[in-house]
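A.B. asks: Structure file target.tsv (TSV, C-alpha atoms and all ligand atoms) is given on the next line.
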chain	number	residue	atom	x	y	z
A	104	MET	CA	6.61	13.99	-3.61
A	105	SER	CA	10.21	13.57	-2.62
A	106	ASP	CA	11.97	13.56	0.70
A	107	LEU	CA	14.27	16.56	0.78
A	108	THR	CA	15.54	15.82	4.26
A	109	PRO	CA	19.26	15.10	4.31
A	110	LYS	CA	20.16	11.64	5.56
A	111	LEU	CA	22.21	11.96	8.72
A	112	ARG	CA	25.22	9.70	8.70
A	113	GLY	CA	26.27	10.32	12.25
A	114	PRO	CA	26.41	13.09	14.81
A	115	PHE	CA	29.18	14.95	12.97
A	116	ALA	CA	28.14	14.24	9.40
A	117	ILE	CA	29.09	17.01	7.02
A	118	LEU	CA	26.34	17.62	4.53
A	119	SER	CA	27.27	18.07	0.90
A	120	ALA	CA	25.14	19.32	-1.97
A	121	SER	CA	24.34	15.72	-2.95
A	122	ASP	CA	22.52	15.22	0.34
A	123	PHE	CA	19.86	17.66	-0.83
A	124	ARG	CA	19.60	16.49	-4.40
A	125	GLU	CA	16.44	14.78	-5.58
A	126	PRO	CA	16.95	11.03	-5.87
A	127	THR	CA	17.75	10.03	-9.45
A	128	MET	CA	16.61	6.87	-11.19
A	129	THR	CA	20.08	5.35	-10.90
A	130	ASP	CA	20.02	5.41	-7.11
A	131	THR	CA	16.40	4.44	-6.73
A	132	ALA	CA	15.77	2.01	-9.62
A	133	LEU	CA	14.07	-0.93	-8.00
A	134	SER	CA	14.51	-4.54	-8.96
A	135	TYR	CA	13.33	-7.92	-7.75
A	136	ARG	CA	16.53	-8.10	-5.70
A	137	ASP	CA	15.10	-5.37	-3.43
A	138	ILE	CA	12.03	-7.52	-2.81
A	139	GLU	CA	14.21	-10.49	-1.90
A	140	LEU	CA	16.13	-8.31	0.55
A	141	ALA	CA	12.87	-7.00	2.02
A	142	ALA	CA	11.60	-10.57	2.44
A	143	GLY	CA	14.70	-11.32	4.51
A	144	LEU	CA	14.21	-8.23	6.69
A	145	ILE	CA	10.51	-8.73	7.43
A	146	GLN	CA	10.82	-12.46	8.02
A	147	GLY	CA	9.78	-13.33	11.56
A	148	ALA	CA	8.06	-9.96	12.04
A	149	ALA	CA	5.40	-10.08	9.29
A	150	HIS	CA	2.97	-12.95	8.93
A	151	ARG	CA	3.22	-15.20	5.92
A	152	THR	CA	-0.49	-14.78	5.19
A	153	PRO	CA	-2.66	-17.63	3.91
A	154	VAL	CA	-3.71	-18.16	0.30
A	155	LEU	CA	-7.38	-19.17	0.19
A	156	THR	CA	-9.54	-20.56	-2.59
A	157	SER	CA	-13.31	-20.77	-3.00
A	158	SER	CA	-15.16	-23.11	-5.35
A	159	THR	CA	-18.06	-20.63	-5.37
A	160	ALA	CA	-15.73	-17.82	-6.50
A	161	ASN	CA	-14.34	-20.11	-9.19
A	162	ALA	CA	-17.82	-21.03	-10.38
A	163	LEU	CA	-18.94	-17.38	-10.42
A	164	SER	CA	-15.90	-16.13	-12.33
A	165	GLY	CA	-15.04	-19.16	-14.47
A	166	GLY	CA	-11.40	-18.93	-13.39
A	167	THR	CA	-9.23	-20.55	-10.75
A	168	LEU	CA	-8.76	-17.82	-8.14
A	169	PHE	CA	-6.09	-17.67	-5.45
A	170	PHE	CA	-6.72	-15.06	-2.75
A	171	LYS	CA	-3.63	-13.76	-0.92
A	172	CYS	CA	-5.18	-12.70	2.37
A	173	GLU	CA	-3.41	-9.61	3.68
A	174	ASN	CA	-6.47	-8.89	5.80
A	175	TYR	CA	-4.78	-11.41	8.11
A	176	GLN	CA	-1.48	-9.48	8.08
A	177	ARG	CA	-0.30	-7.81	11.31
A	178	MET	CA	-2.38	-4.67	12.01
A	179	GLY	CA	-4.78	-5.94	9.36
A	180	ALA	CA	-3.22	-4.87	6.06
A	181	PHE	CA	-0.21	-5.36	3.77
A	182	LYS	CA	1.09	-1.93	4.80
A	183	PHE	CA	3.00	-3.56	7.65
A	184	ARG	CA	5.38	-5.08	5.08
A	185	GLY	CA	6.55	-1.81	3.57
A	186	ALA	CA	6.64	0.11	6.84
A	187	TYR	CA	8.63	-2.57	8.63
A	188	ASN	CA	11.06	-2.94	5.74
A	189	ALA	CA	11.71	0.81	5.59
A	190	ILE	CA	12.38	1.04	9.33
A	191	ALA	CA	14.51	-2.11	9.36
A	192	LYS	CA	16.88	-0.32	6.97
A	193	PHE	CA	17.43	2.69	9.28
A	194	ASP	CA	20.99	3.37	10.44
A	195	GLY	CA	21.90	4.24	14.02
A	196	ALA	CA	21.26	7.98	13.69
A	197	GLN	CA	17.89	7.42	12.06
A	198	ARG	CA	16.90	4.96	14.76
A	199	ALA	CA	17.89	7.42	17.48
A	200	ALA	CA	15.73	10.20	16.00
A	201	GLY	CA	12.73	8.04	15.07
A	202	VAL	CA	10.25	7.87	12.21
A	203	LEU	CA	7.59	10.27	11.01
A	204	THR	CA	4.68	9.89	8.63
A	205	PHE	CA	1.36	11.37	7.54
A	206	SER	CA	-1.60	9.05	7.10
A	207	SER	CA	-5.12	8.66	8.35
A	208	GLY	CA	-5.30	5.02	7.44
A	209	ASN	CA	-3.47	1.72	7.56
A	210	HIS	CA	-0.01	3.18	6.96
A	211	ALA	CA	-0.27	5.11	10.26
A	212	GLN	CA	-0.83	1.91	12.20
A	213	ALA	CA	1.82	0.09	10.17
A	214	ILE	CA	4.46	2.71	11.01
A	215	ALA	CA	3.47	2.92	14.68
A	216	LEU	CA	3.58	-0.86	15.13
A	217	SER	CA	6.83	-1.29	13.17
A	218	ALA	CA	8.49	1.49	15.17
A	219	LYS	CA	7.34	-0.11	18.41
A	220	LEU	CA	8.80	-3.49	17.35
A	221	ALA	CA	12.05	-1.78	16.34
A	222	GLY	CA	12.15	0.09	19.66
A	223	ILE	CA	12.15	3.56	18.10
A	224	LYS	CA	9.91	6.64	18.37
A	225	SER	CA	7.15	7.34	15.86
A	226	THR	CA	5.17	10.48	15.10
A	227	ILE	CA	2.07	10.29	12.92
A	228	ILE	CA	0.44	13.35	11.37
A	229	MET	CA	-3.31	12.71	11.08
A	230	PRO	CA	-6.24	14.89	10.05
A	231	SER	CA	-8.14	16.21	13.09
A	232	ASP	CA	-11.31	14.54	11.76
A	233	ALA	CA	-9.71	11.08	11.33
A	234	PRO	CA	-11.90	8.24	12.69
A	235	ALA	CA	-11.45	8.08	16.47
A	236	LEU	CA	-10.86	4.34	16.22
A	237	LYS	CA	-7.86	4.78	13.93
A	238	VAL	CA	-6.35	7.49	16.12
A	239	LYS	CA	-6.83	5.24	19.14
A	240	ALA	CA	-5.24	2.21	17.43
A	241	THR	CA	-2.24	4.29	16.35
A	242	ARG	CA	-1.75	5.62	19.90
A	243	GLU	CA	-2.08	2.10	21.32
A	244	TYR	CA	0.80	1.00	19.12
A	245	GLY	CA	2.84	3.76	20.76
A	246	GLY	CA	2.70	6.40	18.04
A	247	GLU	CA	2.61	10.11	18.93
A	248	VAL	CA	-0.35	11.54	17.00
A	249	ILE	CA	-0.19	15.15	15.77
A	250	THR	CA	-3.39	16.41	14.20
A	251	TYR	CA	-3.84	18.97	11.44
A	252	ASP	CA	-6.79	20.58	9.69
A	253	ARG	CA	-7.09	18.81	6.35
A	254	TYR	CA	-8.97	21.72	4.80
A	255	THR	CA	-6.51	24.50	5.65
A	256	GLU	CA	-3.14	22.83	6.29
A	257	ASP	CA	-0.73	20.91	4.05
A	258	ARG	CA	0.29	17.62	5.66
A	259	GLU	CA	3.38	17.23	3.50
A	260	ALA	CA	4.66	20.67	4.52
A	261	ILE	CA	4.03	19.83	8.20
A	262	GLY	CA	5.82	16.52	7.68
A	263	ARG	CA	8.86	18.17	6.12
A	264	ARG	CA	9.05	20.82	8.83
A	265	LEU	CA	8.79	18.29	11.68
A	266	SER	CA	11.29	15.97	10.08
A	267	GLN	CA	13.77	18.85	9.79
A	268	GLU	CA	13.17	20.11	13.34
A	269	ARG	CA	13.37	16.69	14.94
A	270	GLY	CA	15.69	14.90	12.53
A	271	MET	CA	13.06	12.19	12.14
A	272	THR	CA	12.98	10.22	8.88
A	273	LEU	CA	9.82	10.68	6.86
A	274	ILE	CA	8.41	7.43	5.45
A	275	PRO	CA	5.46	8.27	3.17
A	276	PRO	CA	2.65	5.75	2.55
A	277	TYR	CA	3.63	4.67	-0.96
A	278	ASP	CA	6.13	6.87	-2.80
A	279	HIS	CA	9.29	5.31	-1.38
A	280	PRO	CA	11.54	2.51	-2.72
A	281	ASP	CA	11.72	0.61	0.59
A	282	VAL	CA	7.94	0.77	0.98
A	283	ILE	CA	7.43	-0.56	-2.56
A	284	ALA	CA	9.96	-3.36	-2.01
A	285	GLY	CA	8.25	-4.40	1.22
A	286	GLN	CA	4.79	-4.49	-0.37
A	287	GLY	CA	6.14	-6.68	-3.19
A	288	THR	CA	6.83	-9.48	-0.72
A	289	ALA	CA	3.07	-10.23	-0.68
A	290	ALA	CA	3.14	-11.28	-4.34
A	291	LYS	CA	6.49	-13.03	-3.90
A	292	GLU	CA	4.90	-15.28	-1.27
A	293	LEU	CA	1.87	-15.88	-3.47
A	294	PHE	CA	3.91	-17.04	-6.48
A	295	GLU	CA	6.11	-19.18	-4.25
A	296	GLU	CA	3.02	-20.89	-2.93
A	297	VAL	CA	0.89	-21.39	-6.07
A	298	GLY	CA	3.41	-21.18	-8.92
A	299	GLU	CA	3.01	-19.20	-12.11
A	300	LEU	CA	-0.25	-17.40	-12.84
A	301	ASP	CA	-2.00	-16.01	-15.93
A	302	VAL	CA	-3.31	-12.87	-14.24
A	303	LEU	CA	-2.52	-10.97	-11.03
A	304	LEU	CA	-5.11	-8.47	-9.77
A	305	VAL	CA	-3.87	-5.85	-7.32
A	306	CYS	CA	-5.69	-3.07	-5.44
A	307	LEU	CA	-4.40	0.38	-6.43
A	308	GLY	CA	-4.24	3.57	-4.40
A	309	GLY	CA	-0.89	5.38	-4.58
A	310	GLY	CA	0.75	2.36	-6.19
A	311	GLY	CA	3.01	0.90	-3.50
A	312	LEU	CA	1.36	-2.50	-3.56
A	313	LEU	CA	0.94	-2.61	-7.34
A	314	ALA	CA	4.52	-1.56	-8.12
A	315	GLY	CA	6.01	-4.06	-5.67
A	316	CYS	CA	3.77	-6.91	-6.83
A	317	ALA	CA	4.54	-6.15	-10.49
A	318	LEU	CA	8.27	-6.47	-9.82
A	319	ALA	CA	7.71	-9.82	-8.11
A	320	ALA	CA	5.48	-11.03	-10.96
A	321	ARG	CA	8.02	-10.11	-13.64
A	322	ALA	CA	10.67	-12.18	-11.87
A	323	LEU	CA	8.61	-15.16	-10.73
A	324	SER	CA	5.94	-15.47	-13.44
A	325	PRO	CA	7.19	-13.49	-16.44
A	326	SER	CA	4.15	-14.03	-18.68
A	327	CYS	CA	1.61	-13.15	-15.96
A	328	LYS	CA	-0.59	-10.15	-16.82
A	329	VAL	CA	-0.43	-7.67	-13.95
A	330	ILE	CA	-3.57	-5.56	-13.61
A	331	GLY	CA	-4.19	-2.76	-11.12
A	332	VAL	CA	-7.76	-2.18	-9.93
A	333	GLU	CA	-8.95	1.19	-8.64
A	334	PRO	CA	-12.31	2.72	-7.76
A	335	GLU	CA	-14.23	4.13	-10.71
A	336	ALA	CA	-14.53	7.50	-8.97
A	337	GLY	CA	-10.73	7.79	-8.76
A	338	ASN	CA	-9.24	6.41	-11.97
A	339	ASP	CA	-6.13	8.59	-11.93
A	340	GLY	CA	-3.94	5.49	-12.22
A	341	GLN	CA	-5.74	4.33	-15.35
A	342	GLN	CA	-5.48	7.82	-16.86
A	343	SER	CA	-1.79	7.98	-15.94
A	344	LEU	CA	-0.93	4.64	-17.52
A	345	ARG	CA	-2.74	5.59	-20.73
A	346	LYS	CA	-1.24	9.05	-20.91
A	347	GLY	CA	2.28	7.98	-19.97
A	348	GLU	CA	2.54	10.57	-17.20
A	349	ILE	CA	1.15	11.01	-13.68
A	350	VAL	CA	-2.34	12.49	-13.81
A	351	HIS	CA	-3.70	14.39	-10.79
A	352	ILE	CA	-7.41	14.34	-9.87
A	353	ALA	CA	-9.55	15.79	-7.06
A	354	VAL	CA	-9.97	13.63	-3.93
A	355	PRO	CA	-12.32	10.89	-5.18
A	356	LYS	CA	-15.60	10.08	-3.41
A	357	THR	CA	-15.62	6.32	-2.88
A	358	ILE	CA	-16.15	3.76	-0.13
A	359	ALA	CA	-12.61	2.54	-0.86
A	360	ASP	CA	-10.98	4.86	1.69
A	361	GLY	CA	-7.54	3.27	1.20
A	362	ALA	CA	-7.58	4.37	-2.44
A	363	MET	CA	-8.70	7.98	-1.99
A	364	VAL	CA	-5.49	9.38	-3.43
A	365	THR	CA	-5.22	12.20	-5.95
A	366	HIS	CA	-2.26	10.79	-7.87
A	367	ILE	CA	0.09	7.83	-7.88
A	368	GLY	CA	3.64	8.28	-6.65
A	369	GLU	CA	6.71	9.00	-8.77
A	370	HIS	CA	8.71	5.93	-7.76
A	371	ASN	CA	5.52	3.92	-8.17
A	372	PHE	CA	4.75	5.21	-11.64
A	373	GLU	CA	8.28	4.48	-12.81
A	374	VAL	CA	7.69	0.77	-12.06
A	375	ILE	CA	4.01	0.68	-13.03
A	376	ARG	CA	4.51	2.19	-16.48
A	377	ARG	CA	7.11	-0.45	-17.30
A	378	HIS	CA	5.66	-3.57	-15.66
A	379	VAL	CA	1.88	-3.21	-15.36
A	380	ASP	CA	-0.25	-4.39	-18.28
A	381	ASP	CA	-3.48	-2.56	-17.52
A	382	ILE	CA	-5.46	-0.67	-14.90
A	383	VAL	CA	-9.22	-1.20	-14.64
A	384	THR	CA	-11.93	0.25	-12.40
A	385	VAL	CA	-14.83	-1.12	-10.33
A	386	THR	CA	-17.84	0.66	-8.83
A	387	ASP	CA	-18.64	1.13	-5.15
A	388	ALA	CA	-21.66	-1.16	-5.60
A	389	GLN	CA	-19.38	-3.92	-6.91
A	390	LEU	CA	-17.07	-3.40	-3.92
A	391	ALA	CA	-19.94	-3.67	-1.44
A	392	GLN	CA	-21.23	-6.83	-3.13
A	393	THR	CA	-17.73	-8.32	-2.96
A	394	MET	CA	-17.54	-7.49	0.77
A	395	ALA	CA	-20.82	-9.34	1.25
A	396	PHE	CA	-19.52	-12.28	-0.81
A	397	PHE	CA	-16.40	-12.58	1.34
A	398	ALA	CA	-18.43	-12.42	4.54
A	399	GLU	CA	-21.11	-14.86	3.47
A	400	ARG	CA	-19.13	-17.39	1.45
A	401	MET	CA	-15.59	-17.21	2.79
A	402	LYS	CA	-16.34	-16.01	6.36
A	403	MET	CA	-13.93	-13.10	6.00
A	404	VAL	CA	-14.05	-9.43	6.89
A	405	VAL	CA	-12.47	-7.45	4.05
A	406	GLU	CA	-12.45	-3.66	3.95
A	407	PRO	CA	-13.87	-1.92	0.85
A	408	THR	CA	-10.43	-1.12	-0.63
A	409	GLY	CA	-9.36	-4.71	-0.03
A	410	CYS	CA	-12.13	-5.89	-2.38
A	411	LEU	CA	-10.88	-4.03	-5.49
A	412	GLY	CA	-9.03	-6.94	-7.13
A	413	ALA	CA	-11.67	-9.54	-6.31
A	414	ALA	CA	-14.50	-7.30	-7.54
A	415	ALA	CA	-12.83	-7.08	-10.96
A	416	ALA	CA	-12.75	-10.90	-11.22
A	417	LEU	CA	-16.17	-11.63	-9.71
A	418	HIS	CA	-17.96	-8.97	-11.79
A	419	GLY	CA	-16.32	-9.83	-15.09
A	420	VAL	CA	-14.44	-6.52	-15.39
A	421	VAL	CA	-11.37	-8.60	-16.23
A	422	ASP	CA	-11.95	-11.81	-18.20
A	423	VAL	CA	-10.57	-14.59	-16.03
A	424	LYS	CA	-12.36	-17.56	-17.65
A	425	GLY	CA	-10.15	-20.64	-17.74
A	426	LYS	CA	-7.26	-18.69	-16.18
A	427	ARG	CA	-5.19	-19.07	-13.04
A	428	VAL	CA	-5.64	-15.79	-11.23
A	429	GLY	CA	-3.92	-14.32	-8.19
A	430	ILE	CA	-5.85	-11.72	-6.21
A	431	VAL	CA	-4.30	-9.68	-3.43
A	432	ILE	CA	-6.84	-8.91	-0.71
A	433	SER	CA	-5.13	-5.86	0.75
A	434	GLY	CA	-6.73	-5.38	4.17
A	435	GLY	CA	-9.57	-5.94	6.61
A	436	ASN	CA	-9.77	-2.80	8.72
A	437	VAL	CA	-13.32	-1.51	8.74
A	438	ASP	CA	-15.53	-0.35	11.61
A	439	LEU	CA	-18.13	-2.99	12.45
A	440	SER	CA	-21.01	-0.55	12.06
A	441	ARG	CA	-19.72	0.58	8.67
A	442	PHE	CA	-19.23	-3.05	7.64
A	443	ALA	CA	-22.80	-3.93	8.63
A	444	GLU	CA	-24.16	-0.91	6.78
A	445	LEU	CA	-22.30	-1.73	3.55
A	446	VAL	CA	-23.04	-5.47	3.41
A	447	THR	CA	-26.69	-4.91	4.29
A	448	ALA	CA	-27.13	-2.39	1.48
A	449	ALA	CA	-25.18	-4.53	-1.03
B	1	LIG	C1	-3.10	1.59	1.32
B	1	LIG	C2	-4.05	0.58	0.92
B	1	LIG	C3	-4.29	0.27	-0.43
B	1	LIG	C4	-3.61	1.01	-1.56
B	1	LIG	O1	-2.23	0.75	-1.56
B	1	LIG	P1	-1.21	1.65	-2.37
B	1	LIG	O2	0.12	1.08	-2.08
B	1	LIG	O3	-1.36	3.06	-1.87
B	1	LIG	O4	-1.61	1.56	-3.80
B	1	LIG	C5	-5.16	-0.75	-0.73
B	1	LIG	N1	-5.81	-1.43	0.24
B	1	LIG	C6	-5.61	-1.17	1.54
B	1	LIG	C7	-6.36	-1.97	2.55
B	1	LIG	C8	-4.72	-0.16	1.94
B	1	LIG	O5	-4.54	0.10	3.23
Let me see whether you can do it: turn the structure in this file into structure tokens.
Ligand SMILES: *Cc1c(COP(=O)(O)O)cnc(C)c1O

C.D. replies:
Amino acid sequence: MSDLTPKLRGPFAILSASDFREPTMTDTALSYRDIELAAGLIQGAAHRTPVLTSSTANALSGGTLFFKCENYQRMGAFKFRGAYNAIAKFDGAQRAAGVLTFSSGNHAQAIALSAKLAGIKSTIIMPSDAPALKVKATREYGGEVITYDRYTEDREAIGRRLSQERGMTLIPPYDHPDVIAGQGTAAKELFEEVGELDVLLVCLGGGGLLAGCALAARALSPSCKVIGVEPEAGNDGQQSLRKGEIVHIAVPKTIADGAMVTHIGEHNFEVIRRHVDDIVTVTDAQLAQTMAFFAERMKMVVEPTGCLGAAAALHGVVDVKGKRVGIVISGGNVDLSRFAELVTAA
């Protein structure tokens, strides 16, 4: 998906054909420099989240595991990094018109909170059957919520129309260079704290987190193997990496609601195909068991999608024996009743 909305340069900007052209690789090619710039922009706004270890996790896996805990990030997930970075780069005209996005999950809250901190308006397009709690949290951060019927309406078309009518800048959940650069700051902080690693395991949905973290790994720990982990029911990323092109699938049925995407993004795939070594999958049962492990042993609430990377290490999907392994825990937003249900059944 690409943003076809012309960038307004000021009230009297004259639009030329190039304003409507699809971005080309030369103007969007991302590098580690973009992650350094993002780190500067989010500093003071985003938390520098803790890196935790667990001797039980090490004993179970046979490796030395370092958990980067983005469940302790603002609004409860790494998505704050990318959203805040994207908004921090707005010019005056963009700030005046505000930001727009479509998301039923953590990106909605990330955009609403970042917009509030930046003092600009935000509009979030959410499915009418989105969990009431998420709609409430987004409104509490000051976001205007517009609902649509996910079975009959196309959220991207609504997004494009609203962004044209209102002049608001559309910041999608993953397929955007500034979002990718922001997400990469999580791995940058991890490498800065623990040094070089043998393996980095990253949760994969649309590929914002994985692409950003891969760029950071290549710069800060060049020989580190970067592995994306997605739910078994939705292995479009794995298929895409193997095929060398983006593969589309039906909406996967999985408890990992943050990874229920049908395809990875274009900007994301461009980075992933060059810098990611492998993509593996884990089952919902392995995710639920990992949630229970985090709760029982590390006293942490981690949402199902946040368990993807850890599940691959703890269940031997990736061989981590004798290795130094970084694991990004991506978020901790899960309803208490849902949490109780999943860990009890695990
Ligand atoms: C969005 C999200 C993901 C997936 O991130 P992508 O950048 O789309 O790959 C993983 N975990 C959590 C908690 C998320 O909110």

A.B. asks: Excluding Gly315 in chain A and its own-chain neighbours fewer than 5 positions away, which residues fall within 8 Å of it when counting all atoms listed in the file? Please give them as a list of chain:residue names.

C.D. replies: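 After dropping sequence-adjacent residues, the list is A:Ile138, A:Ile283, A:Ala284, A:Gly285, A:Gln286, A:Gly287, A:Thr288, A:Ala290.
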
A.B. asks: Up to 7 Å from (-18.4, -13.1, -12.4) in the file's coordinates: name the residues, counting all atoms listed in the file, as a ChimeraX atom specification.

C.D. replies: /A:163-164,416-419

A.B. asks: Could you please extract the residues within 6 Å of ligand LIG 1 (chain B), counting all atoms listed in the file, and hand them back as a list in words?

C.D. replies: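 I would give the residues around ligand LIG 1 (chain B) as Ala180, Asn209, Tyr277, Cys306, Leu307, Gly308, Gly309, Gly310, Gly311, Leu312, Gly361, Ala362, Thr408, Gly409, Ser433 and Gly434 of chain A.
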
A.B. asks: Just to be explicit: take each residue in the selection above, keep C-alpha atoms, and write the result as a compact mmCIF listing (two decimals), keeping the file's coordinate frame.

C.D. replies:
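That gives us result.txt:
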# COMPACT_ATOMS: atom_id res chain seq x y z
CA ALA A 180 -3.22 -4.87 6.06
CA ASN A 209 -3.47 1.72 7.56
CA TYR A 277 3.63 4.67 -0.96
CA CYS A 306 -5.69 -3.07 -5.44
CA LEU A 307 -4.40 0.38 -6.43
CA GLY A 308 -4.24 3.57 -4.40
CA GLY A 309 -0.89 5.38 -4.58
CA GLY A 310 0.75 2.36 -6.19
CA GLY A 311 3.01 0.90 -3.50
CA LEU A 312 1.36 -2.50 -3.56
CA GLY A 361 -7.54 3.27 1.20
CA ALA A 362 -7.58 4.37 -2.44
CA THR A 408 -10.43 -1.12 -0.63
CA GLY A 409 -9.36 -4.71 -0.03
CA SER A 433 -5.13 -5.86 0.75
CA GLY A 434 -6.73 -5.38 4.17

A.B. asks: Given the choices A:Glu292, A:Glu373, A:Asp438, A:Glu406, which gets closest to Lys237 in chain A if the distance is worked out from all atoms listed in the file?

C.D. replies: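 For Lys237 in chain A, the nearest of the candidates is A:Asp438.
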
A.B. asks: Between A:Gly147, A:Pro153, A:Gly262, A:Gly435, which residue has the minimum interatomic distance to Ala398 in chain A, considering only C-alpha atoms?

C.D. replies: A:Gly435

A.B. asks: For a cutoff of 7 Å around the file-coordinate point (-6.0, -1.4, -13.7), which residues qualify once you count all atoms listed in the file? I'd like the result as a count of residues only.

C.D. replies: 9

A.B. asks: Which residue out of A:Glu369, A:Glu299, A:Glu444, A:Glu259 has the minimum interatomic distance to Gln392 in chain A when all atoms listed in the file are used?

C.D. replies: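 Smallest distance to Gln392 in chain A is found for A:Glu444.
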
A.B. asks: So, counting only C-alpha atoms, which residue among A:Lys182, A:His378, A:Arg242, A:Lys224 is closest to Ser326 in chain A?

C.D. replies: A:His378

A.B. asks: Mind pulling up the distance from CA of Val421 in chain A to CA of Lys402 in chain A?

C.D. replies: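 Taking CA of Lys402 in chain A and CA of Val421 in chain A, their separation equals 24.3 Å.
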
A.B. asks: Which residue, A:His150, A:Arg136, A:His366, A:His210, has the smallest gap to Arg177 in chain A when you use only C-alpha atoms?

C.D. replies: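 Comparing A:His150, A:Arg136, A:His366, A:His210 against Arg177 in chain A, the winner is A:His150.
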
A.B. asks: Neighbouring residues of Ser324 in chain A were defined as those with any atom within 9 Å, considering all atoms listed in the file; residues of the same chain fewer than 5 positions away were excluded. Please report them as a PDB file with C-alpha atoms, in the coordinates of the input.

C.D. replies:
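Result file is result-v2.pdb:
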ATOM      1  CA  PHE A 294       3.910 -17.040  -6.480  1.00  0.00           C
ATOM      2  CA  GLY A 298       3.410 -21.180  -8.920  1.00  0.00           C
ATOM      3  CA  GLU A 299       3.010 -19.200 -12.110  1.00  0.00           C
ATOM      4  CA  LEU A 300      -0.250 -17.400 -12.840  1.00  0.00           C
ATOM      5  CA  ASP A 301      -2.000 -16.010 -15.930  1.00  0.00           C
ATOM      6  CA  ALA A 319       7.710  -9.820  -8.110  1.00  0.00           C
TER       7      ALA A 319
END

A.B. asks: One decimal, Å: what's the distance from CA of Arg321 in chain A over to CA of Lys291 in chain A, could you say?

C.D. replies: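 Atom-to-atom, CA of Arg321 in chain A to CA of Lys291 in chain A, that is 10.3 Å.
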
A.B. asks: How many Å separate CA of Gln212 in chain A from CA of Thr241 in chain A?

C.D. replies: 5.0 Å

A.B. asks: Within 8 Å of Tyr251 in chain A, counting all atoms listed in the file, which residues qualify if same-chain residues fewer than 2 places away don't, as a PDB file with C-alpha atoms, in the frame of the given file?

C.D. replies:
ATOM      1  CA  ILE A 228       0.440  13.350  11.370  1.00  0.00           C
ATOM      2  CA  MET A 229      -3.310  12.710  11.080  1.00  0.00           C
ATOM      3  CA  PRO A 230      -6.240  14.890  10.050  1.00  0.00           C
ATOM      4  CA  SER A 231      -8.140  16.210  13.090  1.00  0.00           C
ATOM      5  CA  ILE A 249      -0.190  15.150  15.770  1.00  0.00           C
ATOM      6  CA  ARG A 253      -7.090  18.810   6.350  1.00  0.00           C
ATOM      7  CA  GLU A 256      -3.140  22.830   6.290  1.00  0.00           C
ATOM      8  CA  ARG A 258       0.290  17.620   5.660  1.00  0.00           C
TER       9      ARG A 258
END

A.B. asks: Pick out the closest residue to Ile261 in chain A from this set: A:Gly245, A:Thr447, A:Thr204, A:Ala353. Count all atoms listed in the file.

C.D. replies: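 Selected residue with least distance to Ile261 in chain A: A:Thr204.
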